[in-house]
>>> print(open('target-v7.cif').read())   # mmCIF, C-alpha atoms
data_coords
loop_
_atom_site.label_atom_id
_atom_site.label_comp_id
_atom_site.auth_asym_id
_atom_site.auth_seq_id
_atom_site.Cartn_x
_atom_site.Cartn_y
_atom_site.Cartn_z
CA MET A 1 -8.16 2.72 4.58
CA ILE A 2 -9.00 0.71 1.53
CA ASN A 3 -12.59 -0.19 1.94
CA HIS A 4 -15.17 1.56 -0.15
CA HIS A 5 -17.41 2.50 2.76
CA HIS A 6 -15.14 4.18 5.28
CA ALA A 7 -12.14 6.48 4.92
CA LEU A 8 -9.43 6.26 7.52
CA PRO A 9 -10.26 8.04 10.77
CA ASN A 10 -8.26 11.14 11.72
CA HIS A 11 -6.58 9.42 14.66
CA ARG A 12 -3.79 6.88 14.24
CA PRO A 13 -5.51 3.94 12.47
CA GLU A 14 -4.74 0.41 13.62
CA ILE A 15 -4.50 -2.45 11.13
CA ALA A 16 -4.17 -6.16 11.86
CA ILE A 17 -2.45 -8.69 9.62
CA VAL A 18 -3.43 -12.27 10.48
CA GLU A 19 -1.17 -14.59 8.53
CA PHE A 20 0.71 -17.81 9.40
CA ASN A 21 3.54 -16.97 6.97
CA ILE A 22 5.61 -14.35 8.80
CA LEU A 23 7.58 -13.40 5.68
CA ALA A 24 4.38 -12.70 3.75
CA ALA A 25 3.04 -10.70 6.70
CA LEU A 26 6.21 -8.63 6.97
CA GLY A 27 6.17 -7.95 3.21
CA LEU A 28 2.60 -6.67 3.35
CA LYS A 29 3.39 -4.62 6.45
CA SER A 30 6.28 -2.88 4.68
CA ILE A 31 3.99 -1.90 1.78
CA LEU A 32 1.25 -0.66 4.11
CA ILE A 33 3.76 1.42 6.07
CA GLU A 34 4.77 3.13 2.82
CA LEU A 35 1.12 3.70 1.90
CA ILE A 36 -0.12 4.80 5.33
CA PRO A 37 2.85 5.96 7.43
CA VAL A 38 0.58 7.05 10.28
CA ALA A 39 -0.93 3.58 10.74
CA GLU A 40 -0.17 1.22 13.59
CA ILE A 41 0.18 -2.24 12.05
CA ARG A 42 0.29 -5.46 14.08
CA ILE A 43 0.98 -8.99 12.89
CA PHE A 44 -0.68 -12.10 14.35
CA GLN A 45 0.41 -15.60 13.34
CA GLY A 46 -2.95 -17.16 14.04
CA PHE A 47 -6.59 -16.46 14.82
CA GLU A 48 -6.26 -17.24 18.53
CA ALA A 49 -3.51 -14.65 19.04
CA PHE A 50 -5.62 -12.14 17.10
CA MET A 51 -8.67 -12.83 19.28
CA ASP A 52 -6.61 -12.32 22.43
CA ASP A 53 -5.87 -8.76 21.34
CA THR A 54 -9.28 -7.01 21.26
CA PRO A 55 -9.90 -7.50 17.51
CA ASP A 56 -12.66 -4.90 17.25
CA MET A 57 -10.18 -2.12 17.94
CA TYR A 58 -8.72 -2.51 14.43
CA ALA A 59 -9.94 -0.40 11.52
CA HIS A 60 -9.07 -3.16 9.04
CA TYR A 61 -8.04 -6.79 9.00
CA PHE A 62 -5.82 -8.41 6.39
CA ILE A 63 -6.58 -12.13 6.79
CA SER A 64 -5.05 -15.15 5.06
CA ALA A 65 -7.63 -17.18 3.13
CA PRO A 66 -7.39 -20.37 5.28
CA ILE A 67 -7.92 -18.38 8.49
CA TYR A 68 -10.82 -16.47 6.97
CA ILE A 69 -12.54 -19.62 5.71
CA GLU A 70 -12.16 -21.40 9.06
CA HIS A 71 -13.40 -18.43 11.08
CA ASN A 72 -15.72 -16.66 8.66
CA SER A 73 -18.47 -16.53 11.27
CA PHE A 74 -16.35 -13.87 12.98
CA PHE A 75 -15.38 -11.96 9.85
CA LEU A 76 -18.65 -11.94 7.91
CA PRO A 77 -20.37 -9.45 10.27
CA ARG A 78 -17.20 -7.34 9.93
CA LYS A 79 -16.79 -7.71 6.16
CA LYS A 80 -16.53 -3.94 5.60
CA ARG A 81 -13.19 -3.96 7.39
CA THR A 82 -11.97 -7.35 6.17
CA ILE A 83 -9.50 -7.92 3.31
CA VAL A 84 -8.78 -11.57 2.51
CA MET A 85 -5.32 -12.42 1.15
CA ALA A 86 -5.92 -15.15 -1.40
CA SER A 87 -5.08 -16.42 -4.86
CA GLU A 88 -7.31 -15.77 -7.87
CA ALA A 89 -8.50 -19.39 -7.67
CA GLN A 90 -9.38 -19.05 -3.98
CA ALA A 91 -11.26 -15.83 -4.69
CA THR A 92 -13.99 -17.81 -6.45
CA LEU A 93 -14.79 -19.48 -3.10
CA LEU A 94 -15.19 -16.16 -1.32
CA SER A 95 -18.08 -13.77 -1.62
CA GLY A 96 -19.14 -10.53 0.02
CA VAL A 97 -15.60 -9.61 1.01
CA PHE A 98 -12.71 -7.88 -0.70
CA VAL A 99 -9.95 -10.23 -1.90
CA LEU A 100 -6.36 -9.08 -2.35
CA ASP A 101 -4.49 -11.40 -4.72
CA VAL A 102 -1.11 -11.66 -3.00
CA PHE A 103 0.21 -14.03 -5.67
CA LYS A 104 0.49 -11.24 -8.21
CA THR A 105 3.69 -9.27 -8.80
CA GLU A 106 4.78 -6.67 -6.25
CA LYS A 107 3.78 -3.89 -8.64
CA GLN A 108 0.28 -5.36 -9.15
CA VAL A 109 -0.26 -5.75 -5.39
CA ILE A 110 0.86 -2.18 -4.78
CA LYS A 111 -1.40 -0.97 -7.59
CA SER A 112 -4.40 -2.77 -6.05
CA LEU A 113 -3.73 -1.25 -2.63
CA ILE A 114 -3.23 2.27 -3.99
CA ASP A 115 -6.36 2.02 -6.13
CA LEU A 116 -8.52 0.97 -3.19
CA HIS A 117 -6.90 3.52 -0.90
CA LYS A 118 -7.61 6.33 -3.37
CA GLN A 119 -11.22 5.22 -3.85
CA ALA A 120 -11.76 5.25 -0.09
CA HIS A 121 -10.87 8.95 -0.03
CA GLU A 122 -13.09 10.10 -2.88
CA PRO A 123 -14.66 12.55 -3.37
CA GLY A 124 -12.61 15.45 -2.11
CA HIS A 125 -9.67 13.36 -0.91
CA SER A 126 -7.46 12.96 -3.96
CA ARG A 127 -4.43 12.28 -1.76
CA ASN A 128 -3.66 10.93 1.65
CA LYS A 129 -2.67 14.14 3.42
CA ASN A 130 -1.29 12.28 6.42
CA ALA A 131 0.99 10.24 4.19
CA VAL A 132 2.16 13.34 2.38
CA ALA A 133 2.88 15.16 5.63
CA ALA A 134 4.80 12.19 6.94
CA HIS A 135 7.10 11.98 3.91
CA GLN A 136 7.31 15.42 2.36
CA VAL A 137 10.22 17.21 4.03
CA HIS A 138 11.25 19.28 1.00
CA GLU A 139 9.56 20.04 -2.28
CA LEU A 140 10.83 18.09 -5.26
CA SER A 141 12.20 20.00 -8.22
CA PRO A 142 10.43 19.68 -11.59
CA ARG A 143 13.21 17.39 -12.82
CA GLU A 144 13.00 15.23 -9.68
CA ILE A 145 9.25 14.92 -10.22
CA GLU A 146 9.91 13.73 -13.77
CA VAL A 147 12.41 11.17 -12.46
CA ILE A 148 10.17 9.83 -9.66
CA SER A 149 7.29 9.56 -12.16
CA LEU A 150 9.39 7.40 -14.47
CA ILE A 151 10.64 5.30 -11.54
CA ALA A 152 7.02 4.63 -10.64
CA MET A 153 6.40 3.51 -14.23
CA GLY A 154 9.07 0.86 -13.76
CA MET A 155 11.81 2.38 -15.88
CA THR A 156 15.49 1.60 -15.31
CA ASN A 157 18.11 4.33 -14.85
CA LYS A 158 19.17 3.90 -18.49
CA GLU A 159 15.57 4.18 -19.74
CA ILE A 160 15.03 7.30 -17.61
CA ALA A 161 18.26 8.80 -18.95
CA ASP A 162 17.20 8.11 -22.54
CA ARG A 163 13.70 9.51 -21.97
CA LEU A 164 14.96 12.73 -20.37
CA ASN A 165 18.06 12.99 -22.59
CA ILE A 166 20.42 13.11 -19.60
CA GLY A 167 23.27 10.90 -18.41
CA GLN A 168 22.75 7.87 -16.17
CA THR A 169 25.00 9.47 -13.55
CA THR A 170 22.65 12.43 -13.46
CA VAL A 171 19.68 10.10 -13.01
CA ILE A 172 21.44 8.39 -10.09
CA THR A 173 22.12 11.81 -8.54
CA HIS A 174 18.45 12.77 -8.90
CA ARG A 175 17.41 9.47 -7.30
CA LYS A 176 19.73 10.08 -4.36
CA ASN A 177 18.36 13.60 -3.90
CA ILE A 178 14.78 12.29 -4.02
CA THR A 179 15.57 9.62 -1.44
CA ASP A 180 17.30 12.15 0.82
CA LYS A 181 14.39 14.60 0.61
CA LEU A 182 11.60 12.07 1.12
CA GLY A 183 13.31 9.50 3.31
CA ILE A 184 11.96 6.77 1.02
CA LYS A 185 14.46 4.21 -0.28
CA SER A 186 12.35 1.47 -1.86
CA VAL A 187 10.93 1.55 -5.37
CA SER A 188 7.53 0.52 -3.97
CA GLY A 189 7.62 3.47 -1.57
CA LEU A 190 8.57 5.92 -4.32
CA THR A 191 5.81 4.49 -6.52
CA ILE A 192 3.22 4.98 -3.78
CA TYR A 193 4.45 8.52 -3.13
CA ALA A 194 4.32 9.42 -6.83
CA VAL A 195 0.75 8.15 -7.23
CA ILE A 196 -0.63 9.65 -4.01
CA ASN A 197 0.86 13.05 -4.87
CA GLY A 198 -0.48 12.98 -8.42
CA TYR A 199 2.91 12.78 -10.15
CA THR A 200 2.00 9.49 -11.86
CA ASP A 201 -1.35 8.13 -12.96
CA LEU A 202 -2.29 4.86 -11.31
CA HIS A 203 -2.88 3.24 -14.70
CA GLN A 204 0.68 4.03 -15.81
CA ILE A 205 2.42 1.85 -13.19
#
>>> encode(input="target-v7.cif", output="structure tokens")
Amino acid sequence: MINHHHALPNHRPEIAIVEFNILAALGLKSILIELIPVAEIRIFQGFEAFMDDTPDMYAHYFISAPIYIEHNSFFLPRKKRTIVMASEAQATLLSGVFVLDVFKTEKQVIKSLIDLHKQAHEPGHSRNKNAVAAHQVHELSPREIEVISLIAMGMTNKEIADRLNIGQTTVITHRKNITDKLGIKSVSGLTIYAVINGYTDLHQI
């Protein structure tokens, strides 16, 4: 998925989230589902529960920093599939493993995940075809593509209306049509879709 050495396998990838804080785990799971709809994602509220579930079957592990530090003898040999959820300050204590700063804003976390996901599929994999197939029921119109691009850039309905010289009611209608076509309701999901499909540059979000 997001490591630099291995792209996701063709079969349904399995991802483990090992995190004591269930709300944090559920938040990350919702973002990963938007990014990789084909993935099977499981949450474990502790290392022992994770170990009881055949850990080597997972393509990637998202591990909270305290769990990683306490059990790094397990994760170090598997560092290519390990992502440690930590603060910027904690990151200085970790080496040889990718650190995802979960204390950043939602947009920054999403941007980090998309960036790593895209890098994992280069060269020749500019988009996650499985994710596109899972979401893309109907083609978006040129105007809808403009709207979803501006949503991904963080613009409000009023700002989008001003940019495109249309009414806010029209923007709301476009947003509803986009949601109906794609089946994606959240701004984070629309952002991920826009970037993966090349409608918005990653550096613009």
>>> resolve_selection(input="target-v7.cif", expression="the PyMOL selection byres ((chain A and resi 164-179) around 12)", output="ChimeraX atom specification")
/A:135-152,155-163,180-187,189-190,193-194
>>> write_last_selection(input="target-v7.cif", atoms="C-alpha atoms", output="mmCIF file, in the frame of the given file")
data_model
loop_
_atom_site.group_PDB
_atom_site.id
_atom_site.type_symbol
_atom_site.label_atom_id
_atom_site.label_comp_id
_atom_site.auth_asym_id
_atom_site.auth_seq_id
_atom_site.Cartn_x
_atom_site.Cartn_y
_atom_site.Cartn_z
ATOM 1 C CA HIS A 135 7.100 11.980 3.910
ATOM 2 C CA GLN A 136 7.310 15.420 2.360
ATOM 3 C CA VAL A 137 10.220 17.210 4.030
ATOM 4 C CA HIS A 138 11.250 19.280 1.000
ATOM 5 C CA GLU A 139 9.560 20.040 -2.280
ATOM 6 C CA LEU A 140 10.830 18.090 -5.260
ATOM 7 C CA SER A 141 12.200 20.000 -8.220
ATOM 8 C CA PRO A 142 10.430 19.680 -11.590
ATOM 9 C CA ARG A 143 13.210 17.390 -12.820
ATOM 10 C CA GLU A 144 13.000 15.230 -9.680
ATOM 11 C CA ILE A 145 9.250 14.920 -10.220
ATOM 12 C CA GLU A 146 9.910 13.730 -13.770
ATOM 13 C CA VAL A 147 12.410 11.170 -12.460
ATOM 14 C CA ILE A 148 10.170 9.830 -9.660
ATOM 15 C CA SER A 149 7.290 9.560 -12.160
ATOM 16 C CA LEU A 150 9.390 7.400 -14.470
ATOM 17 C CA ILE A 151 10.640 5.300 -11.540
ATOM 18 C CA ALA A 152 7.020 4.630 -10.640
ATOM 19 C CA MET A 155 11.810 2.380 -15.880
ATOM 20 C CA THR A 156 15.490 1.600 -15.310
ATOM 21 C CA ASN A 157 18.110 4.330 -14.850
ATOM 22 C CA LYS A 158 19.170 3.900 -18.490
ATOM 23 C CA GLU A 159 15.570 4.180 -19.740
ATOM 24 C CA ILE A 160 15.030 7.300 -17.610
ATOM 25 C CA ALA A 161 18.260 8.800 -18.950
ATOM 26 C CA ASP A 162 17.200 8.110 -22.540
ATOM 27 C CA ARG A 163 13.700 9.510 -21.970
ATOM 28 C CA ASP A 180 17.300 12.150 0.820
ATOM 29 C CA LYS A 181 14.390 14.600 0.610
ATOM 30 C CA LEU A 182 11.600 12.070 1.120
ATOM 31 C CA GLY A 183 13.310 9.500 3.310
ATOM 32 C CA ILE A 184 11.960 6.770 1.020
ATOM 33 C CA LYS A 185 14.460 4.210 -0.280
ATOM 34 C CA SER A 186 12.350 1.470 -1.860
ATOM 35 C CA VAL A 187 10.930 1.550 -5.370
ATOM 36 C CA GLY A 189 7.620 3.470 -1.570
ATOM 37 C CA LEU A 190 8.570 5.920 -4.320
ATOM 38 C CA TYR A 193 4.450 8.520 -3.130
ATOM 39 C CA ALA A 194 4.320 9.420 -6.830
#
>>> resolve_selection(input="target-v7.cif", expression="the PyMOL selection byres ((chain A and resi 21-28) around 10)", output="ChimeraX atom specification")
/A:16-20,29-33,42-46,62-64,102,106,109-110
>>> atom_distance(input="target-v7.cif", atom1="CA of Asp56 (chain A)", atom2="CA of Arg78 (chain A)")
9.0 Å
>>> atom_distance(input="target-v7.cif", atom1="CA of Pro37 (chain A)", atom2="CA of Ile196 (chain A)")
12.5 Å
>>> resolve_selection(input="target-v7.cif", expression="the PyMOL selection byres ((chain A and resi 82) around 10)", output="list of chain:residue names")
A:Ile2, A:Asn3, A:Ala16, A:Ala59, A:His60, A:Tyr61, A:Phe62, A:Ile63, A:Tyr68, A:Phe75, A:Leu76, A:Pro77, A:Arg78, A:Lys79, A:Lys80, A:Arg81, A:Ile83, A:Val84, A:Met85, A:Gly96, A:Val97, A:Phe98, A:Val99
>>> atom_distance(input="target-v7.cif", atom1="CA of Ile67 (chain A)", atom2="CA of Phe47 (chain A)")
6.7 Å
>>> closest_residue(input="target-v7.cif", among="A:His71, A:Pro13, A:Asp53, A:Ala65", to="Ile41 (chain A)", atoms="all atoms listed in the file")
A:Pro13
>>> closest_residue(input="target-v7.cif", among="A:Leu100, A:Ile205, A:Ile114, A:Ile15", to="Glu34 (chain A)", atoms="all atoms listed in the file")
A:Ile114
>>> axis_aligned_box(input="target-v7.cif", around="region 140-154 of chain A", padding_each_side="8 Å", output="AutoDock Vina command-line options")
--center_x 9.8 --center_y 10.4 --center_z -9.9 --size_x 22.8 --size_y 35.1 --size_z 25.2
>>> closest_residue(input="target-v7.cif", among="A:Ser95, A:Gln204, A:Ser188, A:Asn197", to="Lys107 (chain A)", atoms="only C-alpha atoms")
A:Ser188
